[in-house]
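Before any comments, here is the structure.
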Amino acid sequence: MQREEQDVKSYEIRTYGCQMNVHDSERLAGLLEAAGYVRAPKGEDGSVSADVVVFNTCAVRENADNRLYGNLGRLAPQKAARPGMQIAVGGCLAQKDRDTIVKKAPWVDVVFGTHNIGSLPVLLERARIAEEAQVEIAESLETFPSTLPTRRESAYAAWVSISVGCNNTCTFCIVPALRGKEKDRRPGDVLAEVEALVAEGVIEVTLLGQNVNAYGSDIGDREAFSKLLRACGKIDGLERVRFTSPHPRDFTDDVIAAMAETPNAMHQLHMPLQSGSDAVLRAMRRSYRQDRYLGIIEKVRAAMPDAAISTDIIVGFPGETEEDFEQTLHVVREARFAQAYTFQYSKRPGTPAAEMEGQVPKAVVQERYERLVALQEEISWAENKKQVGRTLEVLVAEGEGRKDDATRRLSGRAPDNRLVHFAPPAEPVRPGDVVMAEISYAAPHHLLAEHPAFGVRRTAAGDAWERRTSAAAAKPAGVMLGLPTIGAPVPAPAAAAPGCGCD
């Protein structure tokens with residue numbers, strides 16, 4: 001049989017926003033690769049070499065659209081000079097702006113929404129044949145994302161969606177309007193995906209939902225999330241289970257008990273605060289108050305004294321007074337977060353808060369923000385110093401330490417998700433393997449083990465990383481058999497060897 005060779009089409013995905021978008025981009029990559037595309041190499045000079053560029057957008061920040069149109073504008077001349085190049089825009093901003101994107105950037109080929117990411121390969125093909133833009137925005141979820149092909153970014157850790165959408169009505173957030181009401185997956189489907197990932201070598205999963213601990217409201221079981229955590233604890237080979245992001249309103253005692261009693265549930269919790277002021281929480285339409293929030297922190301620490309707790313905080317919400325801000329500082333001092341993701345309030349177009357009176361002057365917001373960051377840095381550093389002298393189990397990571405090459409160190413995550421830089425052990429170690437590291441120094445955002453790590457444990461995750469790396473190195477670049485097709489790839493000839501597949 002004669003083999004006809006043709007250059008394969010390549011793709012690049014640019015992702016903005018939350019973990020949901022990161023996970024959606026893994027789905028988009030899986031869909032494109034199932035349709036015959038390959039990932040484009042990264043250009044060192046910032047140039048674009050991909051035949052298809054996909055923007056997976058976020059609509060949360062005030063300047064999200066400016067950022068998108070600026071990037072699209074920079075691509076316009078490159079697209080004009082390369083016949084056949086295509087640009088697609090998806091995600092929350094696409095769901096919100098719809099036809100506006102093509103009007104402002106007529107060189108865009110495809111616009112798709114949060115509910116129909118599975119349509120991307122077909123829309124690209126349709127746009128190519130019709131030679132005109134294809135805009136398709138579904139109003140409700142067509143296919144649960146986890147049923148779609150996926151190209152996981154990591155061989156050893158994985159996101160697992162347990163729900164999509166959100167039933168909350170926070171006045172600063174546009175996400176529920178763009179991702180819809182909460183829709184839960186059946187527990188059996190979630191566990192089947194986790195088991196399949198573990199069989200492939202994954203040893204850490206993060207359960208993902210817009211309001212992850214509200215899981216069960218769609219299926220009529222208020223304890224469904226804690227039951228899911230306990231069920232994950234029974235999966236052989238699964239070493240670490242995390243989840244993000246919960247909501248204080250739905251964070252119940254049974255979840256705390258499940259975290260404390262399930263061996264592979266990590267003692268790490270990301271619990272968004274947003275504000276410590278009851279008045280501001282009321283204006284935000286957050287259905288808890290300061291006492292309730294601090295009560296949760298107290299219960300978590302009683303059950304898991306070693307728990308590392310992180311949070312999200314918005315500074316300068318409309319109407320926030322100096323007294324309100326002081327209440328936020330009070331909660332930060334009481335909770336002693338290991339880390340806080342702090343944001344200056346910015347108007348989100350389409351949200352009630354954008355139209356509220358009492359917008360706080362930028363200079364005031366900036367000054368409060370700097371005070372909050374300084375306080376949290378002090379607390380984070382003090383909490384990290386408590387780790388000095390301890391020996392931690394570290395899951396070796398890939399790409400976590402930006403200075404690893406220069407410092408000749410490796411990096412990874414402790415069970416509580418703290419970032420650890422460590423001196424390499426005497427024997428070879430791979431991403432996905434586990435080492436023991438004695439902490440000798442602490443900074444606000446990382447820990448350091450200056451003596452060589454020891455106790456190397458080679459894992460199935462390390463094996464998976466090695467297989468993936470070897471396969472990528474052996475794979476020929478830029479050539480494929482036959483034409484790219486929509487859907488599953490054309491089977492190889494018989495003689496060919498088979499391949500391996502804010503809340």
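Convention: chains lettered A, B, ... in structure tokens order; per-chain residue numbering from 1; ligands numbered from 1 as shown.
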Using the chain letters and numbers from this document, which residues of stretch 394-481 of chain A does DSSP assign to strand (DSSP E or B), as number ranges by chain? A: 394-396, 410-413, 419-423, 434-438, 441-442, 447-452, 454-457, 479-481
Distance query A:His445 at most 10 Å, only C-alpha atoms, self and fewer than 4 positions along chain excluded, as a PDB file with C-alpha atoms, in the first residue's frame:
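File produced: out_30.pdb:
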```
ATOM      1  CA  ALA A 338      -0.924  30.021  54.049  1.00  0.00           C
ATOM      2  CA  GLN A 339      -1.622  31.989  50.892  1.00  0.00           C
ATOM      3  CA  GLU A 377       3.157  38.241  53.057  1.00  0.00           C
ATOM      4  CA  SER A 380       2.618  33.481  54.814  1.00  0.00           C
ATOM      5  CA  TRP A 381       6.284  33.821  55.732  1.00  0.00           C
ATOM      6  CA  ASN A 384       6.134  28.747  56.150  1.00  0.00           C
ATOM      7  CA  ARG A 418       3.264  24.180  49.425  1.00  0.00           C
ATOM      8  CA  LEU A 419       5.882  24.637  46.715  1.00  0.00           C
ATOM      9  CA  VAL A 420       9.216  23.035  47.622  1.00  0.00           C
TER      10      VAL A 420
END
```
Give me, please, the distance in Å between atom CA of A:Asp324 and atom CA of A:Ala279, quoted to one decimal.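 Going from atom CA of A:Asp324 over to atom CA of A:Ala279 covers 7.4 Å.
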A:Val22: which residues within 12 Å, counting only C-alpha atoms, same-chain residues fewer than 3 positions away excluded, as a ChimeraX atom specification? /A:13-19,25-29,55-58,91,150-154,158-161,208
What lies within 9 Å of A:Arg98 using only C-alpha atoms, ignoring chain neighbours under 5 positions off, as a list in words?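 What passes the distance filter is Leu93, Val111, Phe112, Gly113, Val135, Glu136 and Ile137 of chain A.
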Using only C-alpha atoms, which residues sit within 10 Å of A:Ala258 once same-chain residues fewer than 4 positions away are excluded, as a list in words? Phe225, Ser226, Lys227, Leu228, Leu229, Arg230, Ala231, Gly233, Asp253, Asp254, Thr262, Pro263 and Ala265 of chain A
Contacts of A:Arg292 within 9 Å, only C-alpha atoms, excl. fewer than 4 positions in-chain, as a PyMOL selection string: chain A and resi 248-249+288+296-297
How would the residues just picked look written out with N, CA, C and O atoms as a JSON list (two decimals), in the first residue's frame?
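Output (again.json):
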```json
[["chain", "number", "residue", "atom", "x", "y", "z"],
["A", 248, "PRO", "N", -18.18, 28.81, 51.18],
["A", 248, "PRO", "CA", -18.47, 28.68, 52.62],
["A", 248, "PRO", "C", -19.92, 28.31, 52.92],
["A", 248, "PRO", "O", -20.18, 27.62, 53.90],
["A", 249, "ARG", "N", -20.85, 28.76, 52.08],
["A", 249, "ARG", "CA", -22.26, 28.45, 52.33],
["A", 249, "ARG", "C", -22.51, 26.96, 52.38],
["A", 249, "ARG", "O", -23.32, 26.47, 53.18],
["A", 288, "TYR", "N", -22.98, 34.07, 53.63],
["A", 288, "TYR", "CA", -22.36, 33.74, 54.90],
["A", 288, "TYR", "C", -21.84, 35.06, 55.47],
["A", 288, "TYR", "O", -21.79, 36.08, 54.77],
["A", 296, "ILE", "N", -15.82, 27.95, 60.23],
["A", 296, "ILE", "CA", -15.36, 26.86, 59.36],
["A", 296, "ILE", "C", -13.86, 26.65, 59.52],
["A", 296, "ILE", "O", -13.38, 25.51, 59.66],
["A", 297, "ILE", "N", -13.10, 27.75, 59.51],
["A", 297, "ILE", "CA", -11.64, 27.65, 59.67],
["A", 297, "ILE", "C", -11.30, 26.97, 60.99],
["A", 297, "ILE", "O", -10.42, 26.10, 61.06]]
```
Excluding A:Ser346 and its own-chain neighbours fewer than 6 positions away, which residues fall within 12 Å of it when counting only C-alpha atoms? Please give them as a list in words.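 Answer for this query is Ala59, Val60, Arg61, Glu62, Asn63, Ala64, Phe172, Cys173, Ile314, Val315, Gly316, Phe317, Pro318, Ala353, Ala354, Glu355, Gln359, Val360, Pro361, Lys362, Val365 and Gln366 of chain A.
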